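What follows is query-v6.txt (compact mmCIF, C-alpha atoms and all ligand atoms).
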# COMPACT_ATOMS: atom_id res chain seq x y z
CA MET A 1109 4.66 -30.74 24.23
CA THR A 1110 4.62 -27.11 23.07
CA ARG A 1111 1.51 -26.36 21.09
CA LEU A 1112 2.56 -24.93 17.75
CA PHE A 1113 0.56 -22.94 15.26
CA GLU A 1114 -0.70 -25.24 12.52
CA PRO A 1115 1.16 -24.79 9.18
CA ILE A 1116 -1.01 -23.95 6.20
CA GLY A 1117 -0.90 -23.43 2.43
CA CYS A 1118 -2.99 -20.72 0.82
CA LYS A 1119 -3.77 -21.01 -2.88
CA VAL A 1120 -4.10 -17.70 -4.72
CA ASP A 1121 -6.73 -17.33 -7.44
CA LEU A 1122 -5.27 -14.89 -9.94
CA SER A 1123 -8.58 -14.25 -11.67
CA THR A 1124 -10.25 -12.97 -8.50
CA GLY A 1125 -7.27 -12.06 -6.33
CA ALA A 1126 -8.72 -14.17 -3.53
CA MET A 1127 -6.53 -16.28 -1.26
CA ALA A 1128 -7.83 -19.58 0.13
CA ASN A 1129 -7.80 -20.10 3.91
CA ALA A 1130 -7.65 -16.34 4.55
CA THR A 1131 -8.43 -15.33 8.12
CA GLY A 1132 -9.79 -11.97 7.04
CA SER A 1133 -10.52 -9.71 4.12
CA TYR A 1134 -11.66 -6.19 3.39
CA GLN A 1135 -12.75 -4.19 0.41
CA LYS A 1136 -12.19 -0.55 -0.38
CA ARG A 1137 -14.91 0.84 -2.60
CA PHE A 1138 -14.33 3.85 -4.80
CA ARG A 1139 -16.43 6.05 -2.50
CA ASP A 1140 -14.15 5.17 0.44
CA LEU A 1141 -11.24 6.88 -1.30
CA ASP A 1142 -12.58 10.44 -1.29
CA GLY A 1143 -9.75 12.93 -0.80
CA LEU A 1144 -7.03 10.62 -2.05
CA TYR A 1145 -6.74 12.00 -5.56
CA ALA A 1146 -5.60 15.43 -6.74
CA ASP A 1147 -8.56 15.98 -9.06
CA ALA A 1148 -11.57 16.23 -6.71
CA ALA A 1149 -13.89 17.23 -9.58
CA ALA A 1150 -12.93 14.12 -11.56
CA PHE A 1151 -13.54 12.01 -8.45
CA GLU A 1152 -17.05 13.50 -8.07
CA ALA A 1153 -17.77 12.96 -11.76
CA MET A 1154 -16.89 9.26 -11.40
CA ARG A 1155 -18.81 8.75 -8.18
CA ALA A 1156 -22.16 7.89 -9.83
CA ALA A 1157 -20.72 5.10 -11.97
CA TRP A 1158 -17.94 4.00 -9.67
CA GLY A 1159 -19.09 4.76 -6.12
CA GLU A 1160 -20.03 1.21 -5.10
CA ARG A 1161 -17.42 -0.56 -7.17
CA ILE A 1162 -14.44 -2.18 -5.48
CA ALA A 1163 -11.27 -0.18 -6.10
CA TYR A 1164 -9.08 -2.66 -4.23
CA GLU A 1165 -9.49 -5.60 -1.90
CA VAL A 1166 -7.28 -7.52 0.43
CA SER A 1167 -7.43 -11.08 1.73
CA GLU A 1168 -4.92 -11.91 4.40
CA PHE A 1169 -3.69 -14.61 6.72
CA ARG A 1170 -3.00 -13.23 10.20
CA PRO A 1171 -1.90 -16.07 12.48
CA THR A 1172 -1.19 -13.78 15.44
CA GLU A 1173 0.02 -10.21 15.91
CA GLN A 1174 2.98 -11.30 17.97
CA SER A 1175 6.52 -10.07 17.45
CA GLY A 1176 8.35 -12.54 15.23
CA ASP A 1177 5.25 -13.74 13.41
CA LEU A 1178 4.22 -12.78 9.85
CA ILE A 1179 1.05 -11.48 8.24
CA PHE A 1180 0.67 -12.20 4.54
CA GLY A 1181 -2.00 -11.86 1.91
CA VAL A 1182 -3.02 -10.70 -1.50
CA THR A 1183 -4.14 -7.32 -2.76
CA ARG A 1184 -6.16 -6.99 -5.95
CA MET A 1185 -6.58 -3.52 -7.40
CA ALA A 1186 -8.80 -2.60 -10.33
CA PRO A 1187 -7.33 -0.58 -13.20
CA GLY A 1188 -8.47 3.01 -13.62
CA LYS A 1189 -7.65 6.68 -13.27
CA VAL A 1190 -9.18 9.64 -11.48
CA GLY A 1191 -8.49 12.43 -13.95
CA ASP A 1192 -5.01 11.49 -15.08
CA GLU A 1193 -3.98 9.88 -11.76
CA TYR A 1194 -3.82 6.10 -11.55
CA PHE A 1195 -5.78 4.08 -8.99
CA MET A 1196 -3.80 3.54 -5.79
CA THR A 1197 -4.06 2.28 -2.23
CA ARG A 1198 -4.41 4.66 0.73
CA GLY A 1199 -0.80 4.07 1.69
CA HIS A 1200 0.73 4.07 5.15
CA ILE A 1201 3.83 3.83 7.28
CA HIS A 1202 4.00 1.00 9.75
CA ASN A 1203 3.03 1.96 13.30
CA GLN A 1204 6.27 0.32 14.31
CA ALA A 1205 8.08 2.26 11.62
CA ASP A 1206 11.15 0.01 11.53
CA ARG A 1207 9.12 -2.93 10.22
CA PRO A 1208 9.72 -3.75 6.51
CA GLU A 1209 7.46 -5.45 3.97
CA ILE A 1210 7.78 -7.39 0.74
CA TYR A 1211 5.42 -7.48 -2.21
CA TYR A 1212 5.44 -10.00 -5.04
CA GLY A 1213 3.76 -9.09 -8.33
CA GLN A 1214 1.49 -11.83 -9.60
CA LYS A 1215 -0.60 -10.12 -12.26
CA GLY A 1216 -0.70 -6.74 -13.99
CA HIS A 1217 1.59 -3.73 -13.79
CA GLY A 1218 2.07 -1.93 -10.53
CA LEU A 1219 4.35 0.56 -8.87
CA MET A 1220 5.39 0.85 -5.27
CA LEU A 1221 5.60 4.54 -4.40
CA MET A 1222 7.74 5.07 -1.31
CA GLU A 1223 8.61 8.15 0.70
CA SER A 1224 11.08 8.47 3.54
CA PRO A 1225 10.25 10.46 6.67
CA GLU A 1226 12.45 13.29 5.29
CA GLY A 1227 10.58 13.23 1.97
CA GLU A 1228 12.86 11.30 -0.37
CA VAL A 1229 10.82 9.49 -3.01
CA ARG A 1230 11.45 6.12 -4.64
CA ILE A 1231 9.39 4.22 -7.19
CA VAL A 1232 9.84 0.50 -7.82
CA PRO A 1233 7.88 -1.19 -10.62
CA VAL A 1234 6.04 -4.29 -9.43
CA ASP A 1235 5.38 -6.40 -12.49
CA THR A 1236 4.69 -10.13 -12.49
CA GLN A 1237 7.38 -12.18 -10.78
CA THR A 1238 8.96 -9.07 -9.28
CA VAL A 1239 9.67 -8.94 -5.58
CA CYS A 1240 9.66 -5.43 -4.13
CA TYR A 1241 11.37 -4.86 -0.80
CA VAL A 1242 9.99 -1.94 1.21
CA PRO A 1243 12.70 -1.27 3.79
CA PRO A 1244 11.98 -0.10 7.34
CA PHE A 1245 10.76 3.50 7.74
CA TRP A 1246 9.41 4.01 4.20
CA ILE A 1247 5.83 5.16 3.70
CA HIS A 1248 4.41 2.94 0.95
CA ARG A 1249 1.49 2.97 -1.46
CA SER A 1250 0.83 0.72 -4.46
CA ILE A 1251 -0.43 2.04 -7.77
CA ASN A 1252 -2.01 0.20 -10.69
CA VAL A 1253 -0.51 1.64 -13.88
CA GLY A 1254 -1.76 -1.20 -16.12
CA ASP A 1255 -4.99 -1.88 -18.01
CA ASP A 1256 -5.71 -5.04 -16.05
CA ASP A 1257 -6.14 -5.97 -12.39
CA LEU A 1258 -2.99 -5.66 -10.31
CA VAL A 1259 -2.53 -8.67 -8.02
CA MET A 1260 0.29 -8.70 -5.49
CA LEU A 1261 1.21 -10.86 -2.55
CA PHE A 1262 2.42 -9.00 0.54
CA CYS A 1263 4.13 -10.11 3.73
CA TYR A 1264 5.15 -8.10 6.77
CA PRO A 1265 5.98 -8.57 10.45
CA ALA A 1266 2.84 -9.30 12.41
CA ASP A 1267 3.43 -6.54 14.97
CA SER A 1268 3.87 -3.76 12.36
CA GLY A 1269 0.48 -2.04 12.43
CA GLN A 1270 -0.44 0.72 9.97
CA ASP A 1271 -0.51 4.49 10.37
CA TYR A 1272 -2.64 6.04 7.61
CA GLU A 1273 -2.58 9.57 9.02
CA ILE A 1274 1.04 10.30 8.21
CA ILE A 1275 0.15 10.88 4.55
CA ALA A 1276 -2.90 13.06 5.24
CA ARG A 1277 -0.92 15.22 7.68
CA SER A 1278 1.58 16.05 4.92
CA GLY A 1279 -1.06 16.92 2.33
CA GLY A 1280 -0.58 13.61 0.51
CA MET A 1281 2.56 11.87 -0.65
CA ARG A 1282 5.24 14.06 -2.18
CA SER A 1283 4.79 12.56 -5.66
CA ARG A 1284 1.76 11.57 -7.65
CA VAL A 1285 1.76 9.13 -10.55
CA VAL A 1286 -0.19 10.22 -13.61
CA ALA A 1287 -0.57 9.23 -17.25
CA GLY A 1288 2.27 10.53 -19.41
CA ASP A 1289 3.31 10.08 -23.03
CA GLY A 1290 2.76 6.37 -23.62
CA GLY A 1291 3.04 5.44 -19.95
CA TRP A 1292 3.16 6.80 -16.43
CA LYS A 1293 5.09 9.73 -15.07
CA GLU A 1294 5.86 11.07 -11.62
CA VAL A 1295 4.77 14.63 -10.82
CA ASP A 1296 5.28 16.78 -7.74
CA ASN A 1297 2.36 17.18 -5.38
CA PRO A 1298 2.18 20.94 -4.73
CA ASP A 1299 0.16 20.38 -1.53
CA TRP A 1300 2.91 18.32 0.12
CA ARG A 1301 4.33 19.68 3.37
CA PRO A 1302 7.55 18.37 4.93
CA ARG A 1303 7.38 16.62 8.28
CA ASP A 1304 8.97 18.47 11.16
CA ALA A 1305 12.21 17.35 12.78
CA LYS A 1306 10.43 16.23 15.94
CA LEU A 1307 8.16 13.82 14.10
CA ILE A 1308 11.05 12.51 12.01
CA SER A 1309 13.19 11.76 15.05
CA ALA A 1310 10.21 10.22 16.83
CA LEU A 1311 9.77 7.82 13.88
CA TYR A 1312 13.42 6.80 13.95
CA GLY A 1313 13.61 6.91 17.72
CA GLN A 1314 10.95 4.26 18.26
CA SER A 1315 13.27 1.41 17.45
CA GLY A 1316 16.43 2.73 19.01
CA THR A 1317 18.19 1.73 15.76
CA VAL A 1318 19.87 4.06 13.35
CA PRO A 1319 18.79 3.40 9.76
CA ALA A 1320 21.64 2.49 7.38
O1 LIG B 1401 -3.42 -0.70 3.71
P1 LIG B 1401 -3.54 0.14 2.46
O2 LIG B 1401 -2.53 1.24 2.39
O3 LIG B 1401 -4.92 0.59 2.19
O4 LIG B 1401 -3.15 -0.79 1.25
C1 LIG B 1401 -3.42 -2.10 1.22
C2 LIG B 1401 -2.15 -2.85 1.16
O5 LIG B 1401 -1.27 -2.66 2.29
C3 LIG B 1401 -1.43 -3.68 3.24
O6 LIG B 1401 -2.08 -3.05 4.33
C4 LIG B 1401 -0.21 -4.34 3.73
O7 LIG B 1401 0.65 -3.47 4.37
C5 LIG B 1401 -2.18 -4.74 2.53
O8 LIG B 1401 -3.37 -4.89 3.14
C6 LIG B 1401 -2.28 -4.25 1.11
O9 LIG B 1401 -1.19 -4.65 0.34
FE FE B 1402 2.57 -1.99 4.87
This structure in structure tokens:
Amino acid sequence: MTRLFEPIGCKVDLSTGAMANATGSYQKRFRDLDGLYADAAAFEAMRAAWGERIAYEVSEFRPTEQSGDLIFGVTRMAPGKVGDEYFMTRGHIHNQADRPEIYYGQKGHGLMLMESPEGEVRIVPVDTQTVCYVPPFWIHRSINVGDDDLVMLFCYPADSGQDYEIIARSGGMRSRVVAGDGGWKEVDNPDWRPRDAKLISALYGQSGTVPA
């Protein structure tokens, strides 16, 4: 008989953001996020109090990394701002850029900031009981715009991989999300540089499919 992977249920603890039966987890401390935020002076000023604190953490279930399988897990992100810019994840595009992802908001108020290879920007609020679909080819980063922890479930194809360099090479994402009048607002990142045509076609070319 074919030996199948054993099915499993993973209970999520909303107060801690932990997921039972996780196969792995990691934590990003504030000090790990140097260079992410526009206001470097504000980052330095926060380092003493915040340096060792966990900015966000992930617990995941990774059955395999085979094509056709799924990786899923939970991200918990603390609330906070560096200067006027809300706490966020590093952000990435999938190594296999045509692999999508979904997020499901479970606690708090988040945003999914997305950027296409050409530099189009989209923002989708991820509040509780909201499913956010990140289509193939979009760079994605989540942002906590609330006063409480943001807890989100994520799920993506197991062979996706993550490329974190694509954002750094462009001087950050094209938009930043900062505090505005009574809420958040999107502002242009003046350091952003467009990707060249060769890189863009390489991203699309990987899959041999033409995006819709
Ligand atoms: O990997 P990053 O960009 O640091 O952000 C963490 C989030 O993205 C993921 O890598 C999933 O793509 C999760 O681990 C988590 O939701
Ligand atoms: Fe992803």
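Minimum atom-to-atom distances from A:Val1285, A:Met1109, A:Met1220, A:Ala1157 to Leu1258 in chain A were compared using all atoms listed in the file, and the lowest value belongs to A:Met1220.
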Surroundings of ligand FE 1402 (chain B) up to 8 Å, based on all atoms listed in the file, as a PyMOL selection string: chain A and resi 1199-1202+1208-1209+1247-1248+1264+1268-1270
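Across A:Ile1210, A:Cys1118, A:Met1222, A:Val1242, the tightest approach to Ala1130 in chain A is made by A:Cys1118 when counting all atoms listed in the file.
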Contacts to ligand LIG 1401 (chain B) at 8 Å cut-off (only C-alpha atoms and all ligand atoms) as a ChimeraX atom specification: /A:1136,1164-1168,1180-1183,1197-1200,1202,1209,1211,1248-1250,1260-1264,1270,1272
Using all atoms listed in the file, which residues of range 1167-1237 of chain A come within 10 Å of range 1158-1162 of chain A, and what is the closest atom pair for each, with the distance in Å to one decimal? Give it as JSON lines, sorted by chain and residue number.
{"residue": "A:Arg1184", "atom": "CA", "partner": "A:Ile1162", "partner_atom": "CA", "distance": 9.6}
{"residue": "A:Met1185", "atom": "CA", "partner": "A:Ile1162", "partner_atom": "CA", "distance": 8.2}
{"residue": "A:Ala1186", "atom": "CA", "partner": "A:Ile1162", "partner_atom": "CA", "distance": 7.5}
For the selection you just gave me, I'd like the residues written to a file as a short mmCIF file (atom, residue, chain, number, x, y, z; two decimals), in the frame of the given file, keeping C-alpha atoms.
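What follows is the written file part_37.cif:
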data_model
loop_
_atom_site.label_atom_id
_atom_site.label_comp_id
_atom_site.auth_asym_id
_atom_site.auth_seq_id
_atom_site.Cartn_x
_atom_site.Cartn_y
_atom_site.Cartn_z
CA ARG A 1184 -6.16 -6.99 -5.95
CA MET A 1185 -6.58 -3.52 -7.40
CA ALA A 1186 -8.80 -2.60 -10.33
#
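What separates CA of Asp1256 in chain A from CA of Met1281 in chain A is a distance of 24.3 Å.
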Neighbour list for Leu1178 in chain A as a PyMOL selection string, cut-off 8 Å, only C-alpha atoms, skip fewer than 5 positions in-chain: chain A and resi 1170-1173+1263-1266
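Between CA of Glu1294 in chain A and CA of Phe1138 in chain A lies a distance of 22.5 Å.
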Contacts of Gly1254 in chain A at 9 Å (all atoms listed in the file; same-chain gap of 3+ positions) as a ChimeraX atom specification: /A:1187-1188,1194,1216-1218,1257-1258
